[in-house]
$ cat my_file22.txt   # compact mmCIF, C-alpha atoms and all ligand atoms
# COMPACT_ATOMS: atom_id res chain seq x y z
CA MET A 174 -25.40 -5.44 42.63
CA ILE A 175 -22.08 -5.62 40.82
CA VAL A 176 -21.77 -3.52 37.65
CA ALA A 177 -18.77 -3.93 35.32
CA ILE A 178 -18.04 -1.06 32.93
CA ASP A 179 -15.29 -1.63 30.38
CA GLY A 180 -14.13 0.07 27.21
CA PRO A 181 -11.26 1.87 25.49
CA SER A 182 -9.67 5.04 26.77
CA GLY A 183 -11.76 8.22 26.82
CA THR A 184 -15.13 6.56 26.25
CA GLY A 185 -16.46 7.98 29.52
CA LYS A 186 -16.03 5.02 31.88
CA SER A 187 -14.84 7.00 34.92
CA SER A 188 -17.29 9.90 34.59
CA THR A 189 -20.21 7.55 33.98
CA SER A 190 -19.29 5.01 36.68
CA LYS A 191 -18.80 7.65 39.37
CA ALA A 192 -22.11 9.36 38.60
CA VAL A 193 -24.07 6.10 38.37
CA ALA A 194 -22.58 4.82 41.64
CA ALA A 195 -23.30 8.11 43.42
CA GLN A 196 -26.88 8.21 42.13
CA LEU A 197 -27.63 4.60 43.11
CA GLY A 198 -25.76 4.47 46.44
CA LEU A 199 -23.10 2.03 45.21
CA SER A 200 -19.34 2.00 45.77
CA TYR A 201 -17.01 2.83 42.88
CA LEU A 202 -13.67 1.34 41.84
CA ASP A 203 -11.35 2.88 39.22
CA THR A 204 -9.11 -0.05 38.29
CA GLY A 205 -7.08 2.06 35.85
CA ALA A 206 -5.96 4.15 38.84
CA GLN A 207 -4.54 0.99 40.43
CA TYR A 208 -2.46 0.16 37.33
CA ARG A 209 -1.38 3.77 37.17
CA ALA A 210 -0.38 3.67 40.86
CA ILE A 211 1.81 0.59 40.46
CA THR A 212 3.36 2.20 37.34
CA TRP A 213 4.03 5.44 39.25
CA TRP A 214 5.77 3.44 42.01
CA MET A 215 7.96 1.63 39.45
CA VAL A 216 8.97 4.89 37.73
CA HIS A 217 9.64 6.47 41.14
CA ASN A 218 11.83 3.52 42.17
CA GLY A 219 13.83 3.29 38.95
CA ILE A 220 12.49 -0.08 37.77
CA ASP A 221 13.47 -0.80 34.14
CA LEU A 222 10.08 -0.78 32.38
CA THR A 223 11.56 -2.31 29.23
CA ASP A 224 12.25 -5.49 31.26
CA PRO A 225 9.09 -7.53 32.06
CA GLY A 226 11.16 -9.66 34.48
CA ALA A 227 12.08 -6.58 36.54
CA ILE A 228 8.43 -5.44 36.55
CA ALA A 229 7.32 -8.92 37.66
CA ASP A 230 9.89 -9.00 40.50
CA ALA A 231 8.69 -5.61 41.78
CA ALA A 232 4.95 -6.26 41.32
CA GLY A 233 4.31 -7.27 44.95
CA LYS A 234 6.24 -4.42 46.57
CA PRO A 235 4.01 -1.30 46.57
CA GLY A 236 1.05 -1.20 48.98
CA ILE A 237 -1.93 0.04 46.96
CA VAL A 238 -5.16 1.16 48.63
CA SER A 239 -8.27 2.38 46.75
CA GLY A 240 -11.00 4.41 48.44
CA THR A 241 -14.37 3.56 46.88
CA ASP A 242 -16.62 6.54 47.74
CA PRO A 243 -17.82 7.74 44.29
CA LEU A 244 -18.00 11.32 45.57
CA ALA A 245 -14.37 11.26 46.75
CA PRO A 246 -12.42 8.29 45.31
CA THR A 247 -8.86 7.97 46.59
CA ILE A 248 -5.69 6.08 45.65
CA THR A 249 -2.60 5.72 47.83
CA VAL A 250 0.73 3.96 47.47
CA ASP A 251 2.46 3.02 50.74
CA GLY A 252 0.18 5.55 52.43
CA ALA A 253 0.94 8.48 50.09
CA ASP A 254 -1.82 10.13 48.05
CA VAL A 255 -0.86 9.65 44.38
CA SER A 256 -4.11 10.78 42.75
CA GLY A 257 -2.27 13.66 41.01
CA PRO A 258 1.06 12.01 40.04
CA ILE A 259 -0.65 8.99 38.42
CA ARG A 260 -2.24 11.27 35.77
CA THR A 261 1.02 12.62 34.28
CA THR A 262 1.82 11.97 30.60
CA GLU A 263 4.85 9.94 31.72
CA VAL A 264 2.69 7.47 33.68
CA THR A 265 0.02 7.43 30.92
CA SER A 266 2.64 6.54 28.31
CA LYS A 267 4.18 3.76 30.45
CA VAL A 268 1.16 2.14 32.09
CA SER A 269 0.41 -0.32 29.26
CA ALA A 270 3.90 -1.87 29.55
CA VAL A 271 3.34 -2.47 33.26
CA SER A 272 -0.28 -3.65 33.02
CA ALA A 273 0.69 -6.26 30.39
CA VAL A 274 2.88 -8.18 32.87
CA PRO A 275 0.98 -11.25 34.20
CA GLU A 276 2.38 -10.95 37.77
CA VAL A 277 1.06 -7.37 37.95
CA ARG A 278 -2.38 -8.43 36.70
CA THR A 279 -2.61 -11.36 39.12
CA ARG A 280 -1.87 -9.11 42.07
CA ILE A 281 -4.20 -6.27 41.02
CA THR A 282 -7.01 -8.66 40.02
CA GLU A 283 -6.93 -10.28 43.50
CA LEU A 284 -7.17 -6.84 45.08
CA GLN A 285 -10.09 -5.86 42.81
CA ARG A 286 -12.03 -9.03 43.61
CA TRP A 287 -11.51 -8.50 47.33
CA ILE A 288 -12.74 -4.89 47.07
CA ALA A 289 -15.83 -5.96 45.08
CA GLU A 290 -16.65 -8.74 47.56
CA SER A 291 -16.33 -6.31 50.48
CA ALA A 292 -18.70 -3.69 48.99
CA GLU A 293 -21.82 -4.29 51.08
CA LYS A 294 -24.18 -2.09 49.05
CA GLY A 295 -22.78 -3.15 45.67
CA ILE A 296 -20.20 -1.55 43.42
CA VAL A 297 -19.53 -0.15 39.97
CA VAL A 298 -16.10 -1.34 38.79
CA GLU A 299 -14.61 0.19 35.64
CA GLY A 300 -11.64 -0.87 33.55
CA ARG A 301 -10.65 -3.01 30.58
CA ASP A 302 -11.13 -6.64 31.68
CA ILE A 303 -13.73 -6.42 34.45
CA GLY A 304 -16.54 -8.19 32.60
CA THR A 305 -14.25 -10.77 30.96
CA THR A 306 -11.78 -11.66 33.73
CA VAL A 307 -12.06 -9.85 37.05
CA LEU A 308 -15.80 -10.22 37.69
CA PRO A 309 -17.19 -12.56 35.02
CA ASP A 310 -20.34 -13.10 37.16
CA ALA A 311 -21.16 -9.38 37.44
CA ASP A 312 -24.92 -8.67 37.49
CA LEU A 313 -24.59 -6.18 34.65
CA LYS A 314 -21.80 -5.64 32.11
CA ILE A 315 -21.54 -2.52 29.97
CA PHE A 316 -19.00 -1.90 27.20
CA LEU A 317 -18.66 1.79 26.32
CA THR A 318 -17.32 2.83 22.91
CA ALA A 319 -16.89 6.13 21.02
CA SER A 320 -15.14 7.16 17.83
CA PRO A 321 -11.41 7.98 18.16
CA GLU A 322 -12.22 11.56 17.06
CA ALA A 323 -14.79 12.05 19.83
CA ARG A 324 -12.50 10.53 22.44
CA ALA A 325 -9.53 12.66 21.39
CA ALA A 326 -11.67 15.82 21.43
CA ARG A 327 -12.88 14.99 24.95
CA ARG A 328 -9.36 14.30 26.23
CA SER A 329 -7.88 17.42 24.56
CA GLY A 330 -10.58 19.53 26.18
CA GLU A 331 -9.67 17.99 29.53
CA LEU A 332 -5.93 18.63 28.98
CA LYS A 333 -6.68 22.30 28.22
CA GLY A 334 -5.88 22.72 24.56
CA ALA A 335 -3.59 19.72 23.98
CA ASP A 336 -3.10 18.90 20.29
CA VAL A 337 -6.10 16.78 19.20
CA LYS A 338 -4.15 14.78 16.57
CA ALA A 339 -1.34 13.88 18.99
CA THR A 340 -3.90 13.02 21.67
CA GLN A 341 -5.76 10.76 19.23
CA GLU A 342 -2.55 8.98 18.21
CA ALA A 343 -1.59 8.44 21.86
CA LEU A 344 -4.94 6.96 22.79
CA ILE A 345 -5.05 4.70 19.72
CA LYS A 346 -1.54 3.46 20.61
CA ARG A 347 -2.56 2.75 24.23
CA ASP A 348 -5.76 0.95 23.15
CA ALA A 349 -3.75 -1.17 20.68
CA ALA A 350 -1.29 -2.18 23.42
CA ASP A 351 -4.11 -2.91 25.91
CA SER A 352 -6.09 -4.93 23.32
CA SER A 353 -3.17 -7.01 22.06
CA ARG A 354 -1.54 -8.13 25.32
CA LYS A 355 -1.73 -11.87 26.05
CA THR A 356 -3.12 -11.68 29.59
CA SER A 357 -6.71 -10.40 29.95
CA PRO A 358 -6.69 -7.83 27.14
CA LEU A 359 -9.21 -5.03 26.71
CA ALA A 360 -12.26 -6.84 25.33
CA LYS A 361 -16.05 -6.81 25.36
CA ALA A 362 -17.58 -9.71 27.27
CA ASP A 363 -20.04 -11.74 25.17
CA ASP A 364 -22.88 -10.81 27.54
CA ALA A 365 -22.02 -7.09 27.84
CA VAL A 366 -24.37 -4.36 26.62
CA GLU A 367 -22.49 -2.13 24.17
CA VAL A 368 -23.24 1.60 24.38
CA ASP A 369 -21.77 3.85 21.66
CA THR A 370 -21.37 7.24 23.34
CA THR A 371 -20.11 9.16 20.28
CA GLU A 372 -23.33 11.10 19.77
CA LEU A 373 -24.50 11.07 23.41
CA THR A 374 -23.92 13.65 26.11
CA LEU A 375 -22.42 12.43 29.37
CA GLN A 376 -25.81 12.94 31.03
CA GLN A 377 -27.50 10.73 28.42
CA VAL A 378 -24.94 7.96 29.00
CA ILE A 379 -25.45 8.18 32.77
CA GLU A 380 -29.24 7.95 32.34
CA CYS A 381 -28.88 4.97 30.01
CA VAL A 382 -26.68 3.07 32.47
CA VAL A 383 -28.88 3.97 35.48
CA THR A 384 -31.89 2.57 33.59
CA LEU A 385 -30.01 -0.66 32.80
CA VAL A 386 -29.01 -1.08 36.47
CA GLU A 387 -32.57 -0.42 37.67
CA GLU A 388 -33.92 -2.99 35.21
CA LYS A 389 -31.43 -5.56 36.54
CA ARG A 390 -32.34 -4.71 40.14
CA ALA A 391 -36.02 -5.23 39.35
CA GLU A 392 -35.24 -8.68 37.89
CA LYS A 393 -33.34 -9.83 41.04
N1 LIG B 1 -20.65 11.34 26.41
C1 LIG B 1 -19.73 12.29 26.61
N2 LIG B 1 -19.78 13.44 25.93
C2 LIG B 1 -18.83 14.40 26.11
N3 LIG B 1 -17.79 14.31 26.95
C3 LIG B 1 -17.70 13.18 27.66
C4 LIG B 1 -18.64 12.11 27.54
N4 LIG B 1 -18.26 11.12 28.37
C5 LIG B 1 -17.14 11.54 28.98
N5 LIG B 1 -16.80 12.77 28.57
C6 LIG B 1 -15.61 13.55 28.95
O1 LIG B 1 -14.52 12.87 28.33
C7 LIG B 1 -13.38 12.88 29.19
C8 LIG B 1 -12.91 11.44 29.39
O2 LIG B 1 -13.90 10.76 30.16
P1 LIG B 1 -13.51 9.64 31.21
O3 LIG B 1 -12.27 10.01 31.96
O4 LIG B 1 -14.72 9.35 32.00
O5 LIG B 1 -13.17 8.44 30.21
P2 LIG B 1 -12.52 7.04 30.53
O6 LIG B 1 -13.16 6.06 29.62
O7 LIG B 1 -12.60 6.74 31.98
O8 LIG B 1 -11.01 7.27 30.10
P3 LIG B 1 -9.68 6.50 30.56
O9 LIG B 1 -9.89 5.06 30.30
O10 LIG B 1 -8.62 7.06 29.68
O11 LIG B 1 -9.46 6.81 32.01
C9 LIG B 1 -13.81 13.59 30.48
O12 LIG B 1 -13.39 14.93 30.38
C10 LIG B 1 -15.32 13.51 30.45
O13 LIG B 1 -15.94 14.58 31.12
N1 LIG B 2 -8.97 -3.18 34.15
C1 LIG B 2 -7.93 -2.46 33.68
C2 LIG B 2 -7.85 -1.09 33.82
C3 LIG B 2 -6.77 -0.41 33.35
N2 LIG B 2 -5.76 -1.09 32.77
C4 LIG B 2 -4.51 -0.43 32.35
O1 LIG B 2 -4.38 0.82 33.00
C5 LIG B 2 -4.25 1.85 32.05
C6 LIG B 2 -4.82 3.13 32.60
O2 LIG B 2 -6.24 3.04 32.64
P1 LIG B 2 -7.16 4.37 32.67
O3 LIG B 2 -8.55 3.82 32.67
O4 LIG B 2 -6.82 5.10 33.91
O5 LIG B 2 -6.82 5.16 31.46
C7 LIG B 2 -4.86 1.29 30.77
O6 LIG B 2 -4.33 1.91 29.61
C8 LIG B 2 -4.45 -0.18 30.87
O7 LIG B 2 -3.12 -0.36 30.45
C9 LIG B 2 -5.86 -2.44 32.60
O8 LIG B 2 -4.95 -3.07 32.03
N3 LIG B 2 -6.94 -3.12 33.05
$ encode --input "my_file22.txt" --output "structure tokens" --more "lines below"
Ligand SMILES: Nc1ncnc2c1ncn2[C@@H]1O[C@H](COP(=O)(O)OP(=O)(O)OP(=O)(O)O)[C@@H](O)[C@H]1O
Ligand SMILES: Nc1ccn([C@@H]2O[C@H](COP(=O)(O)O)[C@@H](O)[C@H]2O)c(=O)n1
Amino acid sequence: MIVAIDGPSGTGKSSTSKAVAAQLGLSYLDTGAQYRAITWWMVHNGIDLTDPGAIADAAGKPGIVSGTDPLAPTITVDGADVSGPIRTTEVTSKVSAVSAVPEVRTRITELQRWIAESAEKGIVVEGRDIGTTVLPDADLKIFLTASPEARAARRSGELKGADVKATQEALIKRDAADSSRKTSPLAKADDAVEVDTTELTLQQVIECVVTLVEEKRAEK
């Protein structure tokens, strides 16, 4: 069972995917963490992120490993735990420039496909292009949405009182960059089920996705 969950920033992909995977005994892959990890490495190593050529040249250098236990997901770069550093505002503001570079996407996509193929009990993979590009044959594709206001309120709550307006502007800017890049942009696959989470609690979204997975399992 391969489940692809895509959608814009702050729609609840990570929270939902982790909970669904844990509940159903599946592995879990946070593909955003991989793009964040490669971005962190580039910042750390002084790569000029305004130069796509420099990003492309460096794309193959960091060794990125994702742990896929939904109860304790991990991400390392060259053996170092970067789960904290990849969540800084600096990495968040720079990740779209790195993830837009085709050489970065080719490398990370290969890694994601290998991880999905190796997941013996099945996997929930979340990101922006999983249903369209990475795993177009996934058994179930979900596209989560929510209003910009709801997403900004959720993120500001998480960032302990961050300004809601500034948070909303930042996430709209990141979504615009991710949706407009040439190589595998953020997009809903034609056969994905769209779930608008604006008026739903996280628990309701989890239940909805669990039901959809169980229906697919019953069909197989
Ligand atoms: N339906 C919901 N109702 C209220 N809060 C929610 C809901 N879904 C998720 N959240 C909260 O919103 C925040 C963002 O959720 P999450 O990190 O899962 O989103 P995401 O889509 O993975 O974001 P990103 O793509 O930026 O990583 C978290 O604090 C989460 O607990
Ligand atoms: N499949 C994906 C997943 C993510 N990205 C890029 O990574 C950024 C961070 O993602 P988060 O889910 O951790 O917020 C995101 O803004 C994209 O630039 C991607 O390109 N493809």
$ atom_distance --input "my_file22.txt" --atom1 "CA of Pro243 (chain A)" --atom2 "CA of Val298 (chain A)"
10.8 Å
$ residues_near_ligand --input "my_file22.txt" --ligand "ligand LIG 2 (chain B)" --cutoff "6 Å" --atoms "only C-alpha atoms and all ligand atoms" --output "ChimeraX atom specification"
/A:182,204-206,208-209,268-269,272,300-303,347,351
$ atom_distance --input "my_file22.txt" --atom1 "CA of Thr384 (chain A)" --atom2 "CA of Leu313 (chain A)"
11.4 Å
$ atom_distance --input "my_file22.txt" --atom1 "CA of Gln207 (chain A)" --atom2 "atom N5 of ligand LIG 1 (chain B)"
20.7 Å
$ closest_atom_pairs --input "my_file22.txt" --of "chain A" --to "ligand LIG 1 (chain B)" --cutoff "10 Å" --atoms "only C-alpha atoms and all ligand atoms" --output "JSON lines"
{"residue": "A:Ile178", "atom": "CA", "partner": "B:LIG1", "partner_atom": "O6", "distance": 9.2}
{"residue": "A:Asp179", "atom": "CA", "partner": "B:LIG1", "partner_atom": "O6", "distance": 8.0}
{"residue": "A:Gly180", "atom": "CA", "partner": "B:LIG1", "partner_atom": "O6", "distance": 6.5}
{"residue": "A:Pro181", "atom": "CA", "partner": "B:LIG1", "partner_atom": "O9", "distance": 5.9}
{"residue": "A:Ser182", "atom": "CA", "partner": "B:LIG1", "partner_atom": "O9", "distance": 3.5}
{"residue": "A:Gly183", "atom": "CA", "partner": "B:LIG1", "partner_atom": "O8", "distance": 3.5}
{"residue": "A:Thr184", "atom": "CA", "partner": "B:LIG1", "partner_atom": "O6", "distance": 3.9}
{"residue": "A:Gly185", "atom": "CA", "partner": "B:LIG1", "partner_atom": "O4", "distance": 3.3}
{"residue": "A:Lys186", "atom": "CA", "partner": "B:LIG1", "partner_atom": "O6", "distance": 3.8}
{"residue": "A:Ser187", "atom": "CA", "partner": "B:LIG1", "partner_atom": "O7", "distance": 3.7}
{"residue": "A:Ser188", "atom": "CA", "partner": "B:LIG1", "partner_atom": "O4", "distance": 3.7}
{"residue": "A:Thr189", "atom": "CA", "partner": "B:LIG1", "partner_atom": "O4", "distance": 6.1}
{"residue": "A:Ser190", "atom": "CA", "partner": "B:LIG1", "partner_atom": "O4", "distance": 7.9}
{"residue": "A:Lys191", "atom": "CA", "partner": "B:LIG1", "partner_atom": "O4", "distance": 8.6}
{"residue": "A:Ala192", "atom": "CA", "partner": "B:LIG1", "partner_atom": "O4", "distance": 9.9}
{"residue": "A:Asp203", "atom": "CA", "partner": "B:LIG1", "partner_atom": "O7", "distance": 8.3}
{"residue": "A:Thr204", "atom": "CA", "partner": "B:LIG1", "partner_atom": "O11", "distance": 9.3}
{"residue": "A:Gly205", "atom": "CA", "partner": "B:LIG1", "partner_atom": "O11", "distance": 6.6}
{"residue": "A:Ala206", "atom": "CA", "partner": "B:LIG1", "partner_atom": "O11", "distance": 8.1}
{"residue": "A:Arg260", "atom": "CA", "partner": "B:LIG1", "partner_atom": "O11", "distance": 9.3}
{"residue": "A:Thr265", "atom": "CA", "partner": "B:LIG1", "partner_atom": "O10", "distance": 8.7}
{"residue": "A:Glu299", "atom": "CA", "partner": "B:LIG1", "partner_atom": "O7", "distance": 7.8}
{"residue": "A:Gly300", "atom": "CA", "partner": "B:LIG1", "partner_atom": "O9", "distance": 7.0}
{"residue": "A:Arg301", "atom": "CA", "partner": "B:LIG1", "partner_atom": "O9", "distance": 8.1}
{"residue": "A:Leu317", "atom": "CA", "partner": "B:LIG1", "partner_atom": "O6", "distance": 7.7}
{"residue": "A:Thr318", "atom": "CA", "partner": "B:LIG1", "partner_atom": "O6", "distance": 8.5}
{"residue": "A:Ala319", "atom": "CA", "partner": "B:LIG1", "partner_atom": "N1", "distance": 8.4}
{"residue": "A:Ala323", "atom": "CA", "partner": "B:LIG1", "partner_atom": "C2", "distance": 7.8}
{"residue": "A:Arg324", "atom": "CA", "partner": "B:LIG1", "partner_atom": "O1", "distance": 6.7}
{"residue": "A:Ala325", "atom": "CA", "partner": "B:LIG1", "partner_atom": "O1", "distance": 8.6}
{"residue": "A:Ala326", "atom": "CA", "partner": "B:LIG1", "partner_atom": "O1", "distance": 8.0}
{"residue": "A:Arg327", "atom": "CA", "partner": "B:LIG1", "partner_atom": "O1", "distance": 4.3}
{"residue": "A:Arg328", "atom": "CA", "partner": "B:LIG1", "partner_atom": "C7", "distance": 5.2}
{"residue": "A:Ser329", "atom": "CA", "partner": "B:LIG1", "partner_atom": "O12", "distance": 8.4}
{"residue": "A:Gly330", "atom": "CA", "partner": "B:LIG1", "partner_atom": "O12", "distance": 6.8}
{"residue": "A:Glu331", "atom": "CA", "partner": "B:LIG1", "partner_atom": "O12", "distance": 4.9}
{"residue": "A:Leu332", "atom": "CA", "partner": "B:LIG1", "partner_atom": "O12", "distance": 8.4}
{"residue": "A:Leu344", "atom": "CA", "partner": "B:LIG1", "partner_atom": "O10", "distance": 7.8}
{"residue": "A:Arg347", "atom": "CA", "partner": "B:LIG1", "partner_atom": "O10", "distance": 9.2}
{"residue": "A:Asp348", "atom": "CA", "partner": "B:LIG1", "partner_atom": "O9", "distance": 9.2}
{"residue": "A:Asp369", "atom": "CA", "partner": "B:LIG1", "partner_atom": "N1", "distance": 8.9}
{"residue": "A:Thr370", "atom": "CA", "partner": "B:LIG1", "partner_atom": "N1", "distance": 5.2}
{"residue": "A:Thr371", "atom": "CA", "partner": "B:LIG1", "partner_atom": "N1", "distance": 6.5}
{"residue": "A:Glu372", "atom": "CA", "partner": "B:LIG1", "partner_atom": "N1", "distance": 7.2}
{"residue": "A:Leu373", "atom": "CA", "partner": "B:LIG1", "partner_atom": "N1", "distance": 4.9}
{"residue": "A:Thr374", "atom": "CA", "partner": "B:LIG1", "partner_atom": "N1", "distance": 4.0}
{"residue": "A:Leu375", "atom": "CA", "partner": "B:LIG1", "partner_atom": "N1", "distance": 3.6}
{"residue": "A:Gln376", "atom": "CA", "partner": "B:LIG1", "partner_atom": "N1", "distance": 7.1}
{"residue": "A:Gln377", "atom": "CA", "partner": "B:LIG1", "partner_atom": "N1", "distance": 7.2}
{"residue": "A:Val378", "atom": "CA", "partner": "B:LIG1", "partner_atom": "N1", "distance": 6.0}
{"residue": "A:Ile379", "atom": "CA", "partner": "B:LIG1", "partner_atom": "N1", "distance": 8.6}
$ write_last_selection --input "my_file22.txt" --atoms "C-alpha atoms" --output "PDB file, in the coordinates of the input"
ATOM      1  CA  ILE A 178     -18.040  -1.060  32.930  1.00  0.00           C
ATOM      2  CA  ASP A 179     -15.290  -1.630  30.380  1.00  0.00           C
ATOM      3  CA  GLY A 180     -14.130   0.070  27.210  1.00  0.00           C
ATOM      4  CA  PRO A 181     -11.260   1.870  25.490  1.00  0.00           C
ATOM      5  CA  SER A 182      -9.670   5.040  26.770  1.00  0.00           C
ATOM      6  CA  GLY A 183     -11.760   8.220  26.820  1.00  0.00           C
ATOM      7  CA  THR A 184     -15.130   6.560  26.250  1.00  0.00           C
ATOM      8  CA  GLY A 185     -16.460   7.980  29.520  1.00  0.00           C
ATOM      9  CA  LYS A 186     -16.030   5.020  31.880  1.00  0.00           C
ATOM     10  CA  SER A 187     -14.840   7.000  34.920  1.00  0.00           C
ATOM     11  CA  SER A 188     -17.290   9.900  34.590  1.00  0.00           C
ATOM     12  CA  THR A 189     -20.210   7.550  33.980  1.00  0.00           C
ATOM     13  CA  SER A 190     -19.290   5.010  36.680  1.00  0.00           C
ATOM     14  CA  LYS A 191     -18.800   7.650  39.370  1.00  0.00           C
ATOM     15  CA  ALA A 192     -22.110   9.360  38.600  1.00  0.00           C
ATOM     16  CA  ASP A 203     -11.350   2.880  39.220  1.00  0.00           C
ATOM     17  CA  THR A 204      -9.110  -0.050  38.290  1.00  0.00           C
ATOM     18  CA  GLY A 205      -7.080   2.060  35.850  1.00  0.00           C
ATOM     19  CA  ALA A 206      -5.960   4.150  38.840  1.00  0.00           C
ATOM     20  CA  ARG A 260      -2.240  11.270  35.770  1.00  0.00           C
ATOM     21  CA  THR A 265       0.020   7.430  30.920  1.00  0.00           C
ATOM     22  CA  GLU A 299     -14.610   0.190  35.640  1.00  0.00           C
ATOM     23  CA  GLY A 300     -11.640  -0.870  33.550  1.00  0.00           C
ATOM     24  CA  ARG A 301     -10.650  -3.010  30.580  1.00  0.00           C
ATOM     25  CA  LEU A 317     -18.660   1.790  26.320  1.00  0.00           C
ATOM     26  CA  THR A 318     -17.320   2.830  22.910  1.00  0.00           C
ATOM     27  CA  ALA A 319     -16.890   6.130  21.020  1.00  0.00           C
ATOM     28  CA  ALA A 323     -14.790  12.050  19.830  1.00  0.00           C
ATOM     29  CA  ARG A 324     -12.500  10.530  22.440  1.00  0.00           C
ATOM     30  CA  ALA A 325      -9.530  12.660  21.390  1.00  0.00           C
ATOM     31  CA  ALA A 326     -11.670  15.820  21.430  1.00  0.00           C
ATOM     32  CA  ARG A 327     -12.880  14.990  24.950  1.00  0.00           C
ATOM     33  CA  ARG A 328      -9.360  14.300  26.230  1.00  0.00           C
ATOM     34  CA  SER A 329      -7.880  17.420  24.560  1.00  0.00           C
ATOM     35  CA  GLY A 330     -10.580  19.530  26.180  1.00  0.00           C
ATOM     36  CA  GLU A 331      -9.670  17.990  29.530  1.00  0.00           C
ATOM     37  CA  LEU A 332      -5.930  18.630  28.980  1.00  0.00           C
ATOM     38  CA  LEU A 344      -4.940   6.960  22.790  1.00  0.00           C
ATOM     39  CA  ARG A 347      -2.560   2.750  24.230  1.00  0.00           C
ATOM     40  CA  ASP A 348      -5.760   0.950  23.150  1.00  0.00           C
ATOM     41  CA  ASP A 369     -21.770   3.850  21.660  1.00  0.00           C
ATOM     42  CA  THR A 370     -21.370   7.240  23.340  1.00  0.00           C
ATOM     43  CA  THR A 371     -20.110   9.160  20.280  1.00  0.00           C
ATOM     44  CA  GLU A 372     -23.330  11.100  19.770  1.00  0.00           C
ATOM     45  CA  LEU A 373     -24.500  11.070  23.410  1.00  0.00           C
ATOM     46  CA  THR A 374     -23.920  13.650  26.110  1.00  0.00           C
ATOM     47  CA  LEU A 375     -22.420  12.430  29.370  1.00  0.00           C
ATOM     48  CA  GLN A 376     -25.810  12.940  31.030  1.00  0.00           C
ATOM     49  CA  GLN A 377     -27.500  10.730  28.420  1.00  0.00           C
ATOM     50  CA  VAL A 378     -24.940   7.960  29.000  1.00  0.00           C
ATOM     51  CA  ILE A 379     -25.450   8.180  32.770  1.00  0.00           C
TER      52      ILE A 379
END
$ residues_around --input "my_file22.txt" --residues "Gly295 (chain A)" --least-positions-apart "5" --cutoff "10 Å" --atoms "all atoms listed in the file" --output "list in words"
Met174, Ile175, Val176, Ala194, Leu197, Gly198, Leu199, Ser200, Tyr201, Ala289 and Glu290 of chain A
$ residues_around --input "my_file22.txt" --residues "Ile220 (chain A)" --least-positions-apart "5" --cutoff "12 Å" --atoms "all atoms listed in the file" --output "mmCIF file with C-alpha atoms, in the coordinates of the input"
data_model
loop_
_atom_site.group_PDB
_atom_site.id
_atom_site.type_symbol
_atom_site.label_atom_id
_atom_site.label_comp_id
_atom_site.auth_asym_id
_atom_site.auth_seq_id
_atom_site.Cartn_x
_atom_site.Cartn_y
_atom_site.Cartn_z
ATOM 1 C CA ILE A 211 1.810 0.590 40.460
ATOM 2 C CA THR A 212 3.360 2.200 37.340
ATOM 3 C CA TRP A 213 4.030 5.440 39.250
ATOM 4 C CA TRP A 214 5.770 3.440 42.010
ATOM 5 C CA MET A 215 7.960 1.630 39.450
ATOM 6 C CA PRO A 225 9.090 -7.530 32.060
ATOM 7 C CA GLY A 226 11.160 -9.660 34.480
ATOM 8 C CA ALA A 227 12.080 -6.580 36.540
ATOM 9 C CA ILE A 228 8.430 -5.440 36.550
ATOM 10 C CA ALA A 229 7.320 -8.920 37.660
ATOM 11 C CA ASP A 230 9.890 -9.000 40.500
ATOM 12 C CA ALA A 231 8.690 -5.610 41.780
ATOM 13 C CA ALA A 232 4.950 -6.260 41.320
ATOM 14 C CA LYS A 234 6.240 -4.420 46.570
ATOM 15 C CA LYS A 267 4.180 3.760 30.450
ATOM 16 C CA VAL A 271 3.340 -2.470 33.260
#
$ closest_residue --input "my_file22.txt" --among "A:Ile345, A:Ala195, A:Ala273, A:Val386" --to "Ala245 (chain A)" --atoms "only C-alpha atoms"
A:Ala195
$ closest_residue --input "my_file22.txt" --among "A:Asp363, A:Glu342, A:Glu392, A:Asp251" --to "Ser266 (chain A)" --atoms "only C-alpha atoms"
A:Glu342
